[in-house]
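Peer 1: To be precise about what I am sending: the file is called entry_37.cif and holds mmCIF, C-alpha atoms.
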data_final
#
loop_
_atom_site.group_PDB
_atom_site.id
_atom_site.type_symbol
_atom_site.label_atom_id
_atom_site.label_comp_id
_atom_site.auth_asym_id
_atom_site.auth_seq_id
_atom_site.Cartn_x
_atom_site.Cartn_y
_atom_site.Cartn_z
ATOM 1 C CA MET A 1 23.684 -0.817 12.316
ATOM 2 C CA LEU A 2 21.313 1.568 10.546
ATOM 3 C CA THR A 3 22.022 5.180 11.373
ATOM 4 C CA ARG A 4 20.568 8.534 10.471
ATOM 5 C CA GLY A 5 21.434 9.164 6.838
ATOM 6 C CA ASP A 6 21.983 5.467 6.095
ATOM 7 C CA PRO A 7 20.312 4.941 2.694
ATOM 8 C CA LEU A 8 18.788 1.672 3.857
ATOM 9 C CA ALA A 9 17.107 3.297 6.852
ATOM 10 C CA GLY A 10 14.486 5.030 4.749
ATOM 11 C CA LEU A 11 13.372 1.680 3.354
ATOM 12 C CA LEU A 12 13.851 -0.722 6.226
ATOM 13 C CA GLU A 13 12.164 1.303 8.940
ATOM 14 C CA GLY A 14 8.861 0.372 7.296
ATOM 15 C CA PRO A 15 7.984 -3.203 8.409
ATOM 16 C CA ARG A 16 5.767 -3.127 11.507
ATOM 17 C CA ALA A 17 3.609 -6.227 11.753
ATOM 18 C CA ARG A 18 0.399 -6.101 13.771
ATOM 19 C CA GLY A 19 -1.211 -9.483 14.297
ATOM 20 C CA ALA A 20 0.650 -10.987 11.357
ATOM 21 C CA PHE A 21 -0.427 -14.336 9.925
ATOM 22 C CA MET A 22 2.268 -16.766 11.081
ATOM 23 C CA ILE A 23 2.306 -20.489 10.434
ATOM 24 C CA ARG A 24 4.577 -23.503 10.279
ATOM 25 C CA ALA A 25 3.615 -25.504 7.197
ATOM 26 C CA CYS A 26 4.492 -29.202 7.274
ATOM 27 C CA PHE A 27 4.011 -31.341 4.158
ATOM 28 C CA ASP A 28 4.787 -34.645 2.500
ATOM 29 C CA PRO A 29 4.835 -34.727 -1.324
ATOM 30 C CA PRO A 30 2.839 -34.299 -3.374
ATOM 31 C CA TRP A 31 1.604 -30.997 -1.974
ATOM 32 C CA CYS A 32 0.581 -27.632 -3.419
ATOM 33 C CA VAL A 33 -1.099 -24.551 -1.968
ATOM 34 C CA ARG A 34 -2.385 -21.652 -4.045
ATOM 35 C CA VAL A 35 -2.025 -18.277 -2.300
ATOM 36 C CA GLU A 36 -4.614 -15.631 -3.216
ATOM 37 C CA ASP A 37 -4.593 -13.613 0.017
ATOM 38 C CA ARG A 38 -3.516 -10.361 -1.701
ATOM 39 C CA ALA A 39 -1.197 -9.652 1.241
ATOM 40 C CA PRO A 40 1.361 -6.881 0.625
ATOM 41 C CA LEU A 41 4.348 -8.980 1.688
ATOM 42 C CA THR A 42 4.950 -12.619 2.656
ATOM 43 C CA ILE A 43 8.192 -14.250 3.742
ATOM 44 C CA MET A 44 8.757 -18.009 3.341
ATOM 45 C CA LEU A 45 11.696 -19.735 4.999
ATOM 46 C CA VAL A 46 12.458 -23.406 4.314
ATOM 47 C CA VAL A 47 13.552 -25.242 7.451
ATOM 48 C CA ARG A 48 13.544 -28.765 6.014
ATOM 49 C CA GLY A 49 13.117 -30.237 2.559
ATOM 50 C CA ASP A 50 12.557 -28.072 -0.500
ATOM 51 C CA ALA A 51 9.758 -26.167 -2.211
ATOM 52 C CA TRP A 52 8.882 -24.283 -5.375
ATOM 53 C CA VAL A 53 7.282 -20.841 -5.473
ATOM 54 C CA VAL A 54 5.490 -20.347 -8.792
ATOM 55 C CA PRO A 55 3.950 -16.905 -9.457
ATOM 56 C CA ASP A 56 1.135 -16.514 -11.962
ATOM 57 C CA GLY A 57 3.455 -14.264 -13.920
ATOM 58 C CA GLY A 58 7.237 -14.278 -13.794
ATOM 59 C CA GLU A 59 9.918 -16.857 -13.098
ATOM 60 C CA ARG A 60 9.458 -19.654 -10.589
ATOM 61 C CA VAL A 61 11.935 -20.170 -7.764
ATOM 62 C CA ARG A 62 13.159 -23.365 -6.125
ATOM 63 C CA LEU A 63 13.968 -23.194 -2.431
ATOM 64 C CA LYS A 64 16.087 -25.621 -0.431
ATOM 65 C CA ALA A 65 16.638 -25.874 3.317
ATOM 66 C CA GLY A 66 17.908 -22.529 4.598
ATOM 67 C CA ASP A 67 16.661 -20.606 1.540
ATOM 68 C CA LEU A 68 14.155 -17.804 1.775
ATOM 69 C CA ALA A 69 11.668 -16.139 -0.554
ATOM 70 C CA ILE A 70 9.676 -12.921 -0.270
ATOM 71 C CA ALA A 71 6.504 -12.482 -2.319
ATOM 72 C CA ARG A 72 5.053 -9.009 -2.882
ATOM 73 C CA GLY A 73 1.287 -8.913 -3.335
ATOM 74 C CA PRO A 74 -1.309 -8.698 -4.535
ATOM 75 C CA ASP A 75 -0.551 -11.227 -7.302
ATOM 76 C CA ALA A 76 -1.304 -14.905 -6.643
ATOM 77 C CA TYR A 77 1.261 -17.709 -6.605
ATOM 78 C CA LEU A 78 1.677 -21.421 -5.896
ATOM 79 C CA CYS A 79 3.857 -22.967 -3.216
ATOM 80 C CA ALA A 80 4.460 -26.650 -3.958
ATOM 81 C CA ASP A 81 6.778 -29.638 -3.908
ATOM 82 C CA ASP A 82 6.838 -29.522 -7.715
ATOM 83 C CA PRO A 83 5.609 -26.932 -10.253
ATOM 84 C CA GLY A 84 3.393 -29.597 -11.826
ATOM 85 C CA THR A 85 1.502 -30.541 -8.655
ATOM 86 C CA ALA A 86 -2.139 -29.446 -8.681
ATOM 87 C CA PRO A 87 -3.309 -27.174 -5.824
ATOM 88 C CA GLN A 88 -4.843 -28.971 -2.844
ATOM 89 C CA ALA A 89 -5.786 -25.833 -0.922
ATOM 90 C CA VAL A 90 -6.305 -22.117 -1.516
ATOM 91 C CA ILE A 91 -5.352 -19.337 0.925
ATOM 92 C CA LEU A 92 -7.739 -16.374 0.702
ATOM 93 C CA PRO A 93 -7.646 -12.907 2.322
ATOM 94 C CA GLY A 94 -7.795 -12.991 6.109
ATOM 95 C CA GLY A 95 -6.104 -16.403 6.295
ATOM 96 C CA GLU A 96 -9.244 -18.244 5.166
ATOM 97 C CA CYS A 97 -8.429 -21.682 3.727
ATOM 98 C CA THR A 98 -10.531 -23.637 1.232
ATOM 99 C CA TYR A 99 -10.292 -26.568 -1.113
ATOM 100 C CA PRO A 100 -9.834 -25.597 -4.794
ATOM 101 C CA ASP A 101 -13.571 -26.136 -5.354
ATOM 102 C CA GLY A 102 -14.400 -23.536 -2.698
ATOM 103 C CA ARG A 103 -15.341 -25.851 0.189
ATOM 104 C CA SER A 104 -13.956 -24.754 3.536
ATOM 105 C CA LEU A 105 -11.093 -26.769 4.987
ATOM 106 C CA LYS A 106 -12.692 -26.265 8.421
ATOM 107 C CA GLY A 107 -9.466 -26.873 10.303
ATOM 108 C CA GLN A 108 -8.848 -30.273 8.702
ATOM 109 C CA TRP A 109 -5.170 -29.470 8.147
ATOM 110 C CA ASP A 110 -4.574 -28.006 11.610
ATOM 111 C CA LEU A 111 -1.683 -29.653 13.454
ATOM 112 C CA GLY A 112 -1.659 -27.621 16.658
ATOM 113 C CA VAL A 113 -0.419 -24.156 17.590
ATOM 114 C CA ARG A 114 0.323 -22.248 14.340
ATOM 115 C CA SER A 115 1.070 -25.530 12.584
ATOM 116 C CA TRP A 116 -0.679 -26.718 9.436
ATOM 117 C CA GLY A 117 -0.393 -29.416 6.806
ATOM 118 C CA ASP A 118 0.037 -33.199 6.666
ATOM 119 C CA ARG A 119 2.011 -34.047 9.816
ATOM 120 C CA LEU A 120 4.318 -32.223 12.216
ATOM 121 C CA ASP A 121 7.381 -34.220 11.153
ATOM 122 C CA GLY A 122 6.653 -33.789 7.441
ATOM 123 C CA SER A 123 9.532 -34.064 4.982
ATOM 124 C CA THR A 124 9.140 -30.366 4.124
ATOM 125 C CA VAL A 125 8.729 -27.657 6.759
ATOM 126 C CA LEU A 126 8.338 -23.947 5.991
ATOM 127 C CA LEU A 127 8.003 -20.975 8.314
ATOM 128 C CA ILE A 128 5.649 -18.428 6.776
ATOM 129 C CA GLY A 129 4.940 -14.882 7.938
ATOM 130 C CA THR A 130 2.505 -12.548 6.207
ATOM 131 C CA TYR A 131 1.930 -8.823 6.597
ATOM 132 C CA MET A 132 -1.839 -8.554 6.328
ATOM 133 C CA MET A 133 -2.322 -4.811 5.825
ATOM 134 C CA GLN A 134 -0.766 -2.369 3.360
ATOM 135 C CA GLY A 135 -0.012 0.107 6.152
ATOM 136 C CA GLU A 136 2.316 -2.364 7.854
ATOM 137 C CA ILE A 137 4.832 -1.939 5.027
ATOM 138 C CA SER A 138 6.054 1.349 3.610
ATOM 139 C CA GLY A 139 4.803 1.905 0.064
ATOM 140 C CA ARG A 140 8.287 3.043 -0.917
ATOM 141 C CA LEU A 141 9.678 -0.306 0.218
ATOM 142 C CA LEU A 142 7.079 -2.254 -1.742
ATOM 143 C CA ASP A 143 7.828 -0.175 -4.836
ATOM 144 C CA ALA A 144 11.519 -1.064 -4.504
ATOM 145 C CA LEU A 145 10.931 -4.829 -4.501
ATOM 146 C CA PRO A 146 10.292 -7.277 -7.342
ATOM 147 C CA PRO A 147 7.140 -9.431 -7.183
ATOM 148 C CA LEU A 148 9.247 -12.372 -5.999
ATOM 149 C CA LEU A 149 12.784 -12.448 -4.657
ATOM 150 C CA SER A 150 14.836 -15.227 -3.114
ATOM 151 C CA LEU A 151 17.981 -15.647 -1.070
ATOM 152 C CA THR A 152 19.885 -18.933 -0.992
ATOM 153 C CA SER A 153 21.582 -20.224 2.131
ATOM 154 C CA ASP A 154 25.064 -19.616 0.692
ATOM 155 C CA VAL A 155 24.468 -15.842 0.617
ATOM 156 C CA TRP A 156 21.991 -15.586 3.470
ATOM 157 C CA GLU A 157 22.263 -16.815 7.029
ATOM 158 C CA CYS A 158 20.181 -15.474 9.877
ATOM 159 C CA PRO A 159 20.435 -16.405 13.584
ATOM 160 C CA LEU A 160 16.740 -15.533 13.956
ATOM 161 C CA THR A 161 15.615 -18.708 12.181
ATOM 162 C CA PRO A 162 15.849 -21.136 15.140
ATOM 163 C CA ILE A 163 14.361 -18.517 17.469
ATOM 164 C CA LEU A 164 11.386 -17.969 15.169
ATOM 165 C CA ALA A 165 10.894 -21.726 14.747
ATOM 166 C CA GLU A 166 10.818 -22.174 18.522
ATOM 167 C CA GLU A 167 8.589 -19.201 19.270
ATOM 168 C CA MET A 168 6.092 -19.893 16.502
ATOM 169 C CA VAL A 169 4.644 -22.963 18.237
ATOM 170 C CA ARG A 170 4.405 -21.425 21.691
ATOM 171 C CA ASP A 171 1.055 -20.380 23.105
ATOM 172 C CA GLU A 172 1.838 -17.930 25.878
ATOM 173 C CA PRO A 173 0.590 -14.465 26.906
ATOM 174 C CA GLY A 174 1.896 -11.792 24.554
ATOM 175 C CA GLN A 175 3.088 -14.366 22.034
ATOM 176 C CA GLU A 176 1.516 -12.559 19.095
ATOM 177 C CA VAL A 177 3.539 -9.428 19.839
ATOM 178 C CA VAL A 178 6.735 -11.483 20.158
ATOM 179 C CA LEU A 179 6.115 -13.074 16.763
ATOM 180 C CA ASP A 180 5.294 -9.738 15.151
ATOM 181 C CA ARG A 181 8.612 -8.303 16.267
ATOM 182 C CA LEU A 182 10.541 -11.407 15.213
ATOM 183 C CA LEU A 183 8.895 -11.225 11.782
ATOM 184 C CA ASP A 184 9.919 -7.573 11.475
ATOM 185 C CA LEU A 185 13.533 -8.411 12.358
ATOM 186 C CA LEU A 186 13.586 -11.362 9.965
ATOM 187 C CA MET A 187 12.150 -9.263 7.154
ATOM 188 C CA ILE A 188 14.628 -6.429 7.737
ATOM 189 C CA ALA A 189 17.584 -8.838 7.852
ATOM 190 C CA ALA A 190 16.440 -10.516 4.636
ATOM 191 C CA LEU A 191 15.846 -7.253 2.798
ATOM 192 C CA ARG A 192 19.198 -5.888 3.909
ATOM 193 C CA ALA A 193 20.840 -8.998 2.471
ATOM 194 C CA TRP A 194 18.784 -8.626 -0.721
ATOM 195 C CA PHE A 195 19.730 -5.004 -1.324
ATOM 196 C CA SER A 196 23.412 -5.918 -1.021
ATOM 197 C CA ARG A 197 23.043 -8.330 -3.941
ATOM 198 C CA PRO A 198 24.027 -7.219 -7.482
ATOM 199 C CA GLU A 199 20.715 -8.467 -8.897
ATOM 200 C CA ALA A 200 18.699 -6.182 -6.611
ATOM 201 C CA ALA A 201 17.203 -3.459 -8.798
ATOM 202 C CA ALA A 202 17.136 -0.632 -6.291
ATOM 203 C CA PRO A 203 15.064 2.459 -7.151
ATOM 204 C CA ALA A 204 16.778 5.426 -8.806
ATOM 205 C CA TRP A 205 16.720 7.588 -5.665
ATOM 206 C CA TYR A 206 18.406 4.786 -3.710
ATOM 207 C CA GLN A 207 21.227 4.505 -6.239
ATOM 208 C CA ALA A 208 21.540 8.301 -6.378
ATOM 209 C CA LEU A 209 22.449 8.358 -2.673
ATOM 210 C CA ALA A 210 25.996 7.429 -3.728
ATOM 211 C CA ASP A 211 26.353 10.702 -5.665
ATOM 212 C CA PRO A 212 28.201 13.376 -3.605
ATOM 213 C CA VAL A 213 25.752 16.132 -4.594
ATOM 214 C CA VAL A 214 22.403 14.426 -5.020
ATOM 215 C CA GLY A 215 23.085 12.034 -2.155
ATOM 216 C CA ARG A 216 23.597 14.945 0.233
ATOM 217 C CA VAL A 217 20.354 16.573 -0.906
ATOM 218 C CA LEU A 218 18.412 13.325 -0.529
ATOM 219 C CA ARG A 219 19.677 12.876 3.008
ATOM 220 C CA LEU A 220 18.770 16.450 3.906
ATOM 221 C CA VAL A 221 15.235 15.916 2.640
ATOM 222 C CA GLN A 222 14.817 12.506 4.249
ATOM 223 C CA ASP A 223 16.242 13.554 7.615
ATOM 224 C CA ASP A 224 14.261 16.785 7.919
ATOM 225 C CA PRO A 225 11.183 16.749 5.667
ATOM 226 C CA ALA A 226 9.446 19.468 7.728
ATOM 227 C CA HIS A 227 12.098 22.057 6.877
ATOM 228 C CA PRO A 228 10.886 24.688 4.349
ATOM 229 C CA TRP A 229 13.241 23.490 1.651
ATOM 230 C CA THR A 230 13.577 25.208 -1.711
ATOM 231 C CA VAL A 231 15.808 24.332 -4.633
ATOM 232 C CA ALA A 232 17.949 27.335 -3.667
ATOM 233 C CA THR A 233 18.463 26.241 -0.049
ATOM 234 C CA LEU A 234 19.176 22.661 -1.069
ATOM 235 C CA ALA A 235 21.652 23.794 -3.736
ATOM 236 C CA ALA A 236 23.427 25.991 -1.191
ATOM 237 C CA LYS A 237 23.758 23.051 1.214
ATOM 238 C CA ALA A 238 25.160 20.905 -1.598
ATOM 239 C CA GLY A 239 27.550 23.621 -2.780
ATOM 240 C CA VAL A 240 26.221 23.867 -6.336
ATOM 241 C CA SER A 241 24.005 26.233 -8.319
ATOM 242 C CA ARG A 242 20.241 25.787 -8.480
ATOM 243 C CA ALA A 243 20.423 24.935 -12.174
ATOM 244 C CA ALA A 244 23.176 22.387 -11.623
ATOM 245 C CA LEU A 245 21.271 20.708 -8.781
ATOM 246 C CA ALA A 246 17.997 20.622 -10.705
ATOM 247 C CA ARG A 247 19.691 19.096 -13.738
ATOM 248 C CA ARG A 248 21.765 16.513 -11.860
ATOM 249 C CA PHE A 249 18.928 15.549 -9.512
ATOM 250 C CA SER A 250 16.507 14.979 -12.389
ATOM 251 C CA GLU A 251 19.100 12.938 -14.302
ATOM 252 C CA LEU A 252 19.819 10.588 -11.384
ATOM 253 C CA VAL A 253 16.481 10.404 -9.570
ATOM 254 C CA GLY A 254 14.149 10.811 -12.526
ATOM 255 C CA GLU A 255 12.198 13.784 -11.160
ATOM 256 C CA PRO A 256 12.921 17.343 -9.942
ATOM 257 C CA PRO A 257 13.982 17.929 -6.312
ATOM 258 C CA MET A 258 10.704 19.514 -5.198
ATOM 259 C CA THR A 259 8.644 16.750 -6.798
ATOM 260 C CA TYR A 260 10.679 14.206 -4.890
ATOM 261 C CA LEU A 261 10.261 16.205 -1.680
ATOM 262 C CA THR A 262 6.486 16.256 -2.106
ATOM 263 C CA GLY A 263 6.386 12.509 -2.702
ATOM 264 C CA TRP A 264 8.563 11.855 0.352
ATOM 265 C CA ARG A 265 6.400 14.054 2.582
ATOM 266 C CA LEU A 266 3.189 12.411 1.418
ATOM 267 C CA ALA A 267 4.631 8.911 1.834
ATOM 268 C CA LEU A 268 5.557 9.767 5.420
ATOM 269 C CA ALA A 269 2.088 11.173 5.997
ATOM 270 C CA ALA A 270 0.461 8.022 4.577
ATOM 271 C CA ASP A 271 2.476 5.830 6.938
ATOM 272 C CA ARG A 272 1.721 7.990 9.991
ATOM 273 C CA LEU A 273 -1.999 7.972 9.202
ATOM 274 C CA VAL A 274 -1.934 4.192 9.520
ATOM 275 C CA GLU A 275 0.652 3.727 12.254
ATOM 276 C CA THR A 276 -0.481 6.454 14.687
ATOM 277 C CA ASP A 277 -3.586 8.174 16.005
ATOM 278 C CA ASP A 278 -2.041 11.613 15.425
ATOM 279 C CA THR A 279 -4.354 14.360 14.240
ATOM 280 C CA LEU A 280 -4.102 15.563 10.675
ATOM 281 C CA ASP A 281 -2.757 18.914 11.916
ATOM 282 C CA SER A 282 0.010 17.135 13.819
ATOM 283 C CA ILE A 283 0.933 14.959 10.832
ATOM 284 C CA ALA A 284 0.909 18.002 8.533
ATOM 285 C CA ARG A 285 3.421 19.812 10.754
ATOM 286 C CA HIS A 286 5.567 16.700 11.072
ATOM 287 C CA VAL A 287 5.958 16.269 7.309
ATOM 288 C CA GLY A 288 6.282 19.912 6.310
ATOM 289 C CA TYR A 289 2.788 21.186 5.498
ATOM 290 C CA GLY A 290 1.480 24.386 7.030
ATOM 291 C CA SER A 291 -2.019 23.105 7.691
ATOM 292 C CA ALA A 292 -4.246 20.047 7.578
ATOM 293 C CA PHE A 293 -6.031 21.583 4.597
ATOM 294 C CA ALA A 294 -2.780 21.919 2.623
ATOM 295 C CA LEU A 295 -1.827 18.323 3.393
ATOM 296 C CA SER A 296 -5.310 17.041 2.508
ATOM 297 C CA SER A 297 -5.285 18.796 -0.846
ATOM 298 C CA ALA A 298 -1.865 17.436 -1.811
ATOM 299 C CA PHE A 299 -2.662 13.967 -0.464
ATOM 300 C CA LYS A 300 -5.899 13.612 -2.417
ATOM 301 C CA ARG A 301 -4.244 14.897 -5.584
ATOM 302 C CA VAL A 302 -1.569 12.182 -5.418
ATOM 303 C CA TYR A 303 -3.347 9.259 -3.713
ATOM 304 C CA GLY A 304 -6.861 9.853 -5.034
ATOM 305 C CA VAL A 305 -8.432 9.680 -1.569
ATOM 306 C CA SER A 306 -8.496 11.972 1.433
ATOM 307 C CA PRO A 307 -6.180 11.292 4.388
ATOM 308 C CA GLN A 308 -9.170 10.203 6.458
ATOM 309 C CA GLU A 309 -10.293 7.751 3.776
ATOM 310 C CA HIS A 310 -6.764 6.361 3.616
ATOM 311 C CA ARG A 311 -6.725 5.852 7.396
ATOM 312 C CA THR A 312 -10.183 4.267 7.419
ATOM 313 C CA ARG A 313 -9.384 1.825 4.626
ATOM 314 C CA ALA A 314 -6.182 0.714 6.330
ATOM 315 C CA ALA A 315 -8.052 0.167 9.592
#
When written as structure tokens, how does the structure in this file appear?

Peer 2:
Amino acid sequence: MLTRGDPLAGLLEGPRARGAFMIRACFDPPWCVRVEDRAPLTIMLVVRGDAWVVPDGGERVRLKAGDLAIARGPDAYLCADDPGTAPQAVILPGGECTYPDGRSLKGQWDLGVRSWGDRLDGSTVLLIGTYMMQGEISGRLLDALPPLLSLTSDVWECPLTPILAEEMVRDEPGQEVVLDRLLDLLMIAALRAWFSRPEAAAPAWYQALADPVVGRVLRLVQDDPAHPWTVATLAAKAGVSRAALARRFSELVGEPPMTYLTGWRLALAADRLVETDDTLDSIARHVGYGSAFALSSAFKRVYGVSPQEHRTRAA
């Protein structure tokens, strides 16, 4: 269970799908789909058969039944029975599907409720869930992930798989909300399994949480970002001098304590701008800024746009 102060909580509280693109893809070889939807995060779970995920840059991954892959946008990739198979369809932003020459598929591959491909009992079946908007996933989580990661069935087993497979083809009131929440749970379970793997390259601040001094300071900042922290107050809480904290924090995290605090506050503000209808004054108080003006100035300096522009673009 994730608890307050759990280092994973700061990352895994991010996924919150809203009207996610969910589909059961059913194929017989040869098959190949090119994905150019620029979605921030897509999860692919093989139920039957096997598949290759081939990014435009980076190493390709083979998936067998029970294996899972997560692709971080916006880079394009192929999903196919074999890396050499030519694309037969292209997925564009918004779930639009075309032939490689640009002609619309016009529902020709539709197989019923959230099902797509050659035939329902195809030799390969994948469950695919896509977060469509950047605001549905914390930027800090995206920054912590590689462009493509995979988990094999021998290190990953999730009881949500049969539930998701059953719910995906239902067409009942409120079904979209049910699927959104199942996708969130599946994503969190997969990412938790990924971060426990030795090959997971966690960010410096995540690794620094294991340090008795810096870890305590990070938890203080993450748990109470609105507090008027200074290097002196943080050092006192950690039981070290200001100089010692500043030096050790910079060595392990890669930036000074107050720089990290600013980044954490602004990341929280960016998420709340997308996830809530709170006023800028309310968000400023929640993340530790004295006024909407102060938050706006800092936000535009770091993100290059005003908070309102950030909210409008996400919407």

Peer 1: Given the file above and the PyMOL selection byres ((chain A and resi 145) around 10), which residues are selected, and can you give them as a PyMOL selection string?

Peer 2: chain A and resi 41+70-72+140-144+146-149+191+194-195+200-203

Peer 1: Export C-alpha atoms of the chosen residues as a tab-separated table (two decimals), in the frame of the given file?

Peer 2:
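This is the output file result.tsv:
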chain	number	residue	atom	x	y	z
A	41	LEU	CA	4.35	-8.98	1.69
A	70	ILE	CA	9.68	-12.92	-0.27
A	71	ALA	CA	6.50	-12.48	-2.32
A	72	ARG	CA	5.05	-9.01	-2.88
A	140	ARG	CA	8.29	3.04	-0.92
A	141	LEU	CA	9.68	-0.31	0.22
A	142	LEU	CA	7.08	-2.25	-1.74
A	143	ASP	CA	7.83	-0.18	-4.84
A	144	ALA	CA	11.52	-1.06	-4.50
A	146	PRO	CA	10.29	-7.28	-7.34
A	147	PRO	CA	7.14	-9.43	-7.18
A	148	LEU	CA	9.25	-12.37	-6.00
A	149	LEU	CA	12.78	-12.45	-4.66
A	191	LEU	CA	15.85	-7.25	2.80
A	194	TRP	CA	18.78	-8.63	-0.72
A	195	PHE	CA	19.73	-5.00	-1.32
A	200	ALA	CA	18.70	-6.18	-6.61
A	201	ALA	CA	17.20	-3.46	-8.80
A	202	ALA	CA	17.14	-0.63	-6.29
A	203	PRO	CA	15.06	2.46	-7.15

Peer 1: On this structure, the PyMOL selection byres ((chain A and resi 50) around 12) would catch which residues? List them as a PyMOL selection string, sorted by chain and number.

Peer 2: chain A and resi 26-31+44-49+51-53+61-69+79-82+122-126+152

Peer 1: Step by step, work through what the PyMOL selection byres ((chain A and resi 249-265) around 6) selects in the shown file, and finish by giving those residues as a list in words.

Peer 2: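 So the PyMOL selection byres ((chain A and resi 249-265) around 6), applied here, picks out Ala204, Trp205, Ala208, Val214, Leu245, Ala246, Arg247, Arg248, Leu266, Ala267, Leu268 and Val287 of chain A.
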
Peer 1: Could you name the residues that touch Leu179 of chain A at 10 Å or less, counting all atoms listed in the file, but leaving out those on the same chain fewer than 6 positions away, as a PyMOL selection string?

Peer 2: chain A and resi 17-22+129+163-164+167-168+170+185

Peer 1: Between atom CA of Ile91 of chain A and atom CA of Lys106 of chain A, what is the spacing in Å?

Peer 2: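 Distance reported for this atom pair: 12.6 Å.
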